[in-house]
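Input: a single structure, listed below in structure tokens.
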Amino acid sequence: MKNSFFLVIPEQKHDPELLQSFDEETLTSWVAELPTANPGLSTRLFHDLIIEMNGLKMPAQKRLEGLERLRPSFLVIEDYLRSRLIKSGFPKSTNDCKIMDVLVSIEKEFTIGYWMIVKELTRREIGWFQGKNTALTIQRTIKGLSSIVVTHYMMNRPVPDWIWIDLHSLYKLSIKVKKDSSKITDESCTFGKTTTSEECYKQVLLFSLTDPSGLMQKEFRQIYNFIEKINALVRIENHPIDEQKLQCVILMDEDSAPYFNTSGKQADSSMMYLDLTRIIKAFQQADKYCSENEPRYSSIDLHQTKFGKLPAELFNYLLQRWQGIPLQGAALFSDRLDRYIAIGLEATYNLQSSNAEVDLNELEILTETNSDMALSCQFDNPGVLSIGSLVSCRRKDAPPSVRLLGVISKITIPKQDNKLIFELNVVANQSFAVNYLNIDAPADSEPQKALLYALKDNNEEKSYIIFDSFLFKDGDVLRMFMNQENFPVILRDRKNIGLGYWQFECRRLAEKAVSPASQKKKGYDFI
């Protein structure tokens, strides 16, 4: 690999005086004085330093020592900037876009530093000491390019041109110099202290196959780390996999991510294949990899356990993607008529409540049908939608109360503007506005808002209630207010169905008269 298409090395100047500022002792002092309490300033200082470093001629060993000394600070800054980007949904605000541009620039500049060393070391025959450095710098370069891929996926942007062919080329280079399986110490690893160039390469390949347009932003790091744990189950082969129904193809000479080959195209010398059979077999023992008790869509940012288990719903999502099953919403819009959508439980409740005085223009947004499965809309405000958002929609010619209830399952932004294309998973074809109180709530308490819908299951009609409180559990009893009536219901089969929304099957209970003897005695109010 003589050149990189994406990692363009800047023109370098010879400045012995400036070179002294990158001595180990000087850099150590610089890192110690970095104002970490002021993330904006520390990011700016780090960004400027890396650009200056890349534009300066220096020995490869000195550059490597400097980059390794700076790497812990780089990882902290990268993690902080990513945490800023996942705080809101789509479309992204102007400020989020600026943060993303700075983050990608830092990731790219830092990776260019390692690529400069790789290029220098692989120009000639590699000795034992240079071999250790070659393995390290190739791994760091693959890891850096992978970070840029993840950042773009996180922001729902296309991966920049030339990154994939650079990743493929670096992997081939690691094989050529026999450093693809060399263990490298890496503090960014979650489940081990070392990793290899091949493992880093497989990690980003597997991540690209997850269809990130169907993932919540807070899930990106969780899944990327989970792949680190299980990517030893994946092999890269130079021939089709007999036990695999759909071949997962890597075009090593093209600027493209791996994909499942459904066209039946014949193999050629530039193709390599991902063997996913061991992952699929291992995932049959789901309890080793997922937790039934951890919700996927909780509004609380739940981190994966120390064992690296995923929420069951997210685990099943990955299993389908790695079997080559495409992510698709329900075909709800075959009539191709425009739809009005309302976002969130409260907006839907107000539109379906006969007691509420509503302004349709404030609660509903007009969308177009983009396909049989997707709607599209140009949003005026940032952060409107996320994967897991609860929405309701109606045909343009239908009354406001006749609404389909669903959860956003996929978001794409083709032109990188405020126009989103999104798909839904159906929760109910029709829901109703209800209110509820805890069964022990004081009589003067304000009833809370909820949605109710019914489904037939084995010829038995079941009712389900949805609200935005995670405090309730199976067996709790509520008092429901519906159609001028109120009655107790018992909750069962708790399920997290959307971002911050919980669903229970609810069954009506018979009212029990409370005798005076059984009433709780109250204390003297004057004591």
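Following the order of the structure tokens, first chain is A, next is B, and so on, with residues numbered from 1 inside each chain and ligands from 1 in the order they appear.
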
- Contact residues around A:Asp493 with only C-alpha atoms at 12 Å, ignoring same-chain residues under 5 positions, as number ranges by chain: A: 293, 462-466, 472-476, 502-507

Residues within 10 Å of A:His152, only C-alpha atoms, excluding chain neighbours under 5 positions, as JSON, numbers by chain | {"A": [100, 101, 104, 147, 157, 158, 159, 160, 212]}

Any chance you can output those residues with C-alpha atoms as an mmCIF file, in the first residue's frame?
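Resulting contents of out34.cif:
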data_model
loop_
_atom_site.group_PDB
_atom_site.id
_atom_site.type_symbol
_atom_site.label_atom_id
_atom_site.label_comp_id
_atom_site.auth_asym_id
_atom_site.auth_seq_id
_atom_site.Cartn_x
_atom_site.Cartn_y
_atom_site.Cartn_z
ATOM 1 C CA MET A 100 -19.308 16.588 14.260
ATOM 2 C CA ASP A 101 -17.051 18.414 11.778
ATOM 3 C CA VAL A 104 -14.102 14.039 12.332
ATOM 4 C CA SER A 147 -13.788 5.640 14.360
ATOM 5 C CA ARG A 157 -24.306 10.603 7.257
ATOM 6 C CA PRO A 158 -22.743 8.620 4.410
ATOM 7 C CA VAL A 159 -19.223 7.346 5.009
ATOM 8 C CA PRO A 160 -16.729 9.613 3.138
ATOM 9 C CA PRO A 212 -27.066 1.753 11.644
#

Judged by only C-alpha atoms, the minimum distance to A:Met216 among A:Ala441, A:Val426, A:Ile411, A:Ile106 is found for A:Ile411

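Closest approach to A:Leu19 from the set A:Leu34, A:Ala282, A:Met53, A:Leu209 is made by A:Met53, with distances taken over only C-alpha atoms.
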
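Taking only C-alpha atoms into account, A:Lys396 lies nearest to A:Arg339 out of the set A:Lys178, A:Arg221, A:Arg339, A:Lys13.
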
Atom pair atom CA of A:Glu460 + atom CA of A:Tyr297, distance 28.3 Å

task = Select from stretch 22-97 of chain A everything DSSP, run on the backbone, classes as helix (DSSP H, G or I), then give the selection as a VMD selection string.
result = chain A and resid 22 24 to 32 39 to 54 60 to 85 94 to 97

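The residue that comes closest to A:Gly131, out of A:Met155, A:Leu360, A:Leu167, A:Ile184 and on the basis of only C-alpha atoms, is A:Ile184.
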
Task: Within 12 Å of A:Asn261 using only C-alpha atoms, minus same-chain residues under 3 positions, as a list in words - done: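 Near A:Asn261, the qualifying residues are Pro240, Gln244, Lys245, Leu246, Gln247, Cys248, Val249, Ile250, Leu251, Pro258, Gly264, Lys265, Gln266, Ala267, Met271, Met272, Tyr273, Leu274, Gln323, Gly324 and Ile325 of chain A.
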
Expected file contents, prior selection, N, CA, C and O atoms, as a PDB file, in the first residue's frame:
ATOM      1  N   PRO A 240     -16.331 -18.735  -0.983  1.00  0.00           N
ATOM      2  CA  PRO A 240     -17.690 -18.737  -0.430  1.00  0.00           C
ATOM      3  C   PRO A 240     -17.829 -19.732   0.717  1.00  0.00           C
ATOM      4  O   PRO A 240     -17.125 -20.742   0.778  1.00  0.00           O
ATOM      5  N   GLN A 244     -23.397 -21.152   4.613  1.00  0.00           N
ATOM      6  CA  GLN A 244     -24.062 -19.851   4.707  1.00  0.00           C
ATOM      7  C   GLN A 244     -24.974 -19.647   3.497  1.00  0.00           C
ATOM      8  O   GLN A 244     -24.504 -19.663   2.358  1.00  0.00           O
ATOM      9  N   LYS A 245     -26.266 -19.442   3.746  1.00  0.00           N
ATOM     10  CA  LYS A 245     -27.218 -19.307   2.640  1.00  0.00           C
ATOM     11  C   LYS A 245     -26.923 -18.061   1.818  1.00  0.00           C
ATOM     12  O   LYS A 245     -26.896 -18.086   0.593  1.00  0.00           O
ATOM     13  N   LEU A 246     -26.743 -16.922   2.497  1.00  0.00           N
ATOM     14  CA  LEU A 246     -26.387 -15.677   1.816  1.00  0.00           C
ATOM     15  C   LEU A 246     -24.921 -15.392   2.064  1.00  0.00           C
ATOM     16  O   LEU A 246     -24.475 -15.340   3.208  1.00  0.00           O
ATOM     17  N   GLN A 247     -24.167 -15.205   0.994  1.00  0.00           N
ATOM     18  CA  GLN A 247     -22.751 -14.903   1.140  1.00  0.00           C
ATOM     19  C   GLN A 247     -22.555 -13.427   1.485  1.00  0.00           C
ATOM     20  O   GLN A 247     -23.153 -12.544   0.862  1.00  0.00           O
ATOM     21  N   CYS A 248     -21.730 -13.180   2.486  1.00  0.00           N
ATOM     22  CA  CYS A 248     -21.381 -11.807   2.861  1.00  0.00           C
ATOM     23  C   CYS A 248     -20.057 -11.470   2.190  1.00  0.00           C
ATOM     24  O   CYS A 248     -19.012 -12.024   2.533  1.00  0.00           O
ATOM     25  N   VAL A 249     -20.117 -10.545   1.248  1.00  0.00           N
ATOM     26  CA  VAL A 249     -19.008 -10.300   0.330  1.00  0.00           C
ATOM     27  C   VAL A 249     -18.271  -9.014   0.702  1.00  0.00           C
ATOM     28  O   VAL A 249     -18.885  -8.003   1.037  1.00  0.00           O
ATOM     29  N   ILE A 250     -16.943  -9.073   0.614  1.00  0.00           N
ATOM     30  CA  ILE A 250     -16.100  -7.882   0.753  1.00  0.00           C
ATOM     31  C   ILE A 250     -15.375  -7.686  -0.572  1.00  0.00           C
ATOM     32  O   ILE A 250     -14.611  -8.559  -1.000  1.00  0.00           O
ATOM     33  N   LEU A 251     -15.611  -6.569  -1.231  1.00  0.00           N
ATOM     34  CA  LEU A 251     -14.916  -6.242  -2.474  1.00  0.00           C
ATOM     35  C   LEU A 251     -13.644  -5.498  -2.113  1.00  0.00           C
ATOM     36  O   LEU A 251     -13.655  -4.291  -1.853  1.00  0.00           O
ATOM     37  N   PRO A 258     -18.935  -4.165   3.258  1.00  0.00           N
ATOM     38  CA  PRO A 258     -19.390  -5.526   2.952  1.00  0.00           C
ATOM     39  C   PRO A 258     -20.903  -5.566   2.795  1.00  0.00           C
ATOM     40  O   PRO A 258     -21.619  -4.705   3.316  1.00  0.00           O
ATOM     41  N   GLY A 264     -26.376 -13.351  -6.814  1.00  0.00           N
ATOM     42  CA  GLY A 264     -25.773 -14.564  -7.359  1.00  0.00           C
ATOM     43  C   GLY A 264     -24.535 -14.306  -8.185  1.00  0.00           C
ATOM     44  O   GLY A 264     -24.092 -15.170  -8.942  1.00  0.00           O
ATOM     45  N   LYS A 265     -23.918 -13.126  -8.026  1.00  0.00           N
ATOM     46  CA  LYS A 265     -22.708 -12.798  -8.777  1.00  0.00           C
ATOM     47  C   LYS A 265     -21.599 -13.772  -8.432  1.00  0.00           C
ATOM     48  O   LYS A 265     -21.381 -14.103  -7.271  1.00  0.00           O
ATOM     49  N   GLN A 266     -20.881 -14.239  -9.467  1.00  0.00           N
ATOM     50  CA  GLN A 266     -19.846 -15.233  -9.256  1.00  0.00           C
ATOM     51  C   GLN A 266     -18.617 -14.625  -8.573  1.00  0.00           C
ATOM     52  O   GLN A 266     -18.351 -13.432  -8.680  1.00  0.00           O
ATOM     53  N   ALA A 267     -17.896 -15.470  -7.882  1.00  0.00           N
ATOM     54  CA  ALA A 267     -16.709 -15.009  -7.154  1.00  0.00           C
ATOM     55  C   ALA A 267     -15.602 -14.605  -8.118  1.00  0.00           C
ATOM     56  O   ALA A 267     -15.492 -15.126  -9.228  1.00  0.00           O
ATOM     57  N   MET A 271     -12.694 -10.653  -4.369  1.00  0.00           N
ATOM     58  CA  MET A 271     -13.704 -10.879  -3.345  1.00  0.00           C
ATOM     59  C   MET A 271     -13.137 -11.665  -2.163  1.00  0.00           C
ATOM     60  O   MET A 271     -12.373 -12.610  -2.340  1.00  0.00           O
ATOM     61  N   MET A 272     -13.546 -11.249  -0.975  1.00  0.00           N
ATOM     62  CA  MET A 272     -13.350 -12.069   0.208  1.00  0.00           C
ATOM     63  C   MET A 272     -14.697 -12.208   0.894  1.00  0.00           C
ATOM     64  O   MET A 272     -15.646 -11.485   0.557  1.00  0.00           O
ATOM     65  N   TYR A 273     -14.802 -13.135   1.843  1.00  0.00           N
ATOM     66  CA  TYR A 273     -16.099 -13.486   2.400  1.00  0.00           C
ATOM     67  C   TYR A 273     -16.025 -13.515   3.924  1.00  0.00           C
ATOM     68  O   TYR A 273     -15.030 -13.969   4.503  1.00  0.00           O
ATOM     69  N   LEU A 274     -17.088 -13.029   4.553  1.00  0.00           N
ATOM     70  CA  LEU A 274     -17.206 -13.121   6.003  1.00  0.00           C
ATOM     71  C   LEU A 274     -17.970 -14.398   6.352  1.00  0.00           C
ATOM     72  O   LEU A 274     -19.097 -14.593   5.900  1.00  0.00           O
ATOM     73  N   GLN A 323     -27.891 -12.195   9.640  1.00  0.00           N
ATOM     74  CA  GLN A 323     -28.396 -13.288   8.796  1.00  0.00           C
ATOM     75  C   GLN A 323     -28.758 -12.779   7.409  1.00  0.00           C
ATOM     76  O   GLN A 323     -29.216 -13.552   6.572  1.00  0.00           O
ATOM     77  N   GLY A 324     -28.564 -11.491   7.179  1.00  0.00           N
ATOM     78  CA  GLY A 324     -28.860 -10.907   5.866  1.00  0.00           C
ATOM     79  C   GLY A 324     -30.307 -10.498   5.692  1.00  0.00           C
ATOM     80  O   GLY A 324     -30.739 -10.221   4.573  1.00  0.00           O
ATOM     81  N   ILE A 325     -31.074 -10.443   6.792  1.00  0.00           N
ATOM     82  CA  ILE A 325     -32.473 -10.010   6.716  1.00  0.00           C
ATOM     83  C   ILE A 325     -32.499  -8.483   6.751  1.00  0.00           C
ATOM     84  O   ILE A 325     -32.079  -7.887   7.748  1.00  0.00           O
TER      85      ILE A 325
END

Counting only C-alpha atoms, the residue among A:Lys449, A:Arg82, A:Lys495, A:Lys92 that lies closest to A:Leu385 is A:Lys92

Atom CA of A:Gly89 sits from atom CA of A:Ala450 at a separation of 23.5 Å

Exercise. Which residue gives the smallest distance to A:Asp397 among A:Gly383, A:Leu455, A:Lys2, A:Leu366, with only C-alpha atoms counted?
Worked result: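 For A:Asp397, the nearest of the candidates is A:Leu366.
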
Within 12 Å of A:Glu120 using only C-alpha atoms, minus same-chain residues under 5 positions, as an mmCIF file with C-alpha atoms, in the first residue's frame:
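The resulting file, part-v8.cif, is reproduced below:
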data_model
loop_
_atom_site.group_PDB
_atom_site.id
_atom_site.type_symbol
_atom_site.label_atom_id
_atom_site.label_comp_id
_atom_site.auth_asym_id
_atom_site.auth_seq_id
_atom_site.Cartn_x
_atom_site.Cartn_y
_atom_site.Cartn_z
ATOM 1 C CA MET A 1 0.000 0.000 0.000
ATOM 2 C CA LYS A 2 1.924 3.000 -1.283
ATOM 3 C CA ASN A 3 -0.715 5.669 -0.867
ATOM 4 C CA ILE A 9 -0.401 13.600 4.173
ATOM 5 C CA MET A 58 10.157 14.419 12.378
ATOM 6 C CA PRO A 59 11.625 10.929 12.746
ATOM 7 C CA ALA A 60 9.058 8.121 12.654
ATOM 8 C CA GLN A 61 9.979 6.898 16.136
ATOM 9 C CA ARG A 63 6.220 10.813 15.911
ATOM 10 C CA LEU A 64 5.007 7.449 17.191
ATOM 11 C CA GLY A 113 -0.144 10.771 12.026
ATOM 12 C CA TYR A 114 -0.128 6.976 12.334
ATOM 13 C CA TRP A 115 -0.484 6.504 8.571
ATOM 14 C CA GLU A 125 12.431 -4.382 4.551
ATOM 15 C CA ILE A 126 11.096 -4.539 8.077
ATOM 16 C CA GLN A 130 10.379 -1.914 13.105
ATOM 17 C CA ASN A 133 6.038 -0.544 15.376
ATOM 18 C CA THR A 134 4.509 -1.584 12.048
ATOM 19 C CA THR A 137 0.700 1.712 13.621
ATOM 20 C CA ILE A 138 -1.344 -0.409 11.194
#

Return as a Markdown table the residues of stretch 366-408 of chain A lying at most 10 Å from stretch 349-358 of chain A, together with the closest atom-to-atom pair for each and the distance in Å to one decimal, counting only C-alpha atoms, with rows in chain order and ascending residue number.
| residue | atom | partner | partner_atom | distance |
| --- | --- | --- | --- | --- |
| A:Ser392 | CA | A:Tyr349 | CA | 9.8 |
| A:Pro399 | CA | A:Leu351 | CA | 9.7 |
| A:Pro400 | CA | A:Leu351 | CA | 6.0 |
| A:Ser401 | CA | A:Gln352 | CA | 4.6 |
| A:Val402 | CA | A:Gln352 | CA | 7.8 |
| A:Arg403 | CA | A:Gln352 | CA | 8.3 |

If you keep C-alpha atoms, can you produce a file of those selected residues as a tab-separated table (two decimals), in the first residue's frame?
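Once everything was written out, this is selection22.tsv:
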chain	number	residue	atom	x	y	z
A	392	SER	CA	-49.36	8.40	15.55
A	399	PRO	CA	-60.63	12.74	11.21
A	400	PRO	CA	-57.95	13.60	13.83
A	401	SER	CA	-59.05	10.85	16.22
A	402	VAL	CA	-58.63	8.00	13.71
A	403	ARG	CA	-54.94	7.32	14.19

| query | If you run DSSP on the backbone, which residues of stretch 236-381 of chain A are strand (DSSP E), as a VMD selection string? | reply | chain A and resid 236 to 237 247 to 251 259 to 261 271 to 275 290 to 291 310 to 311 339 to 343 365 to 369 374 to 378
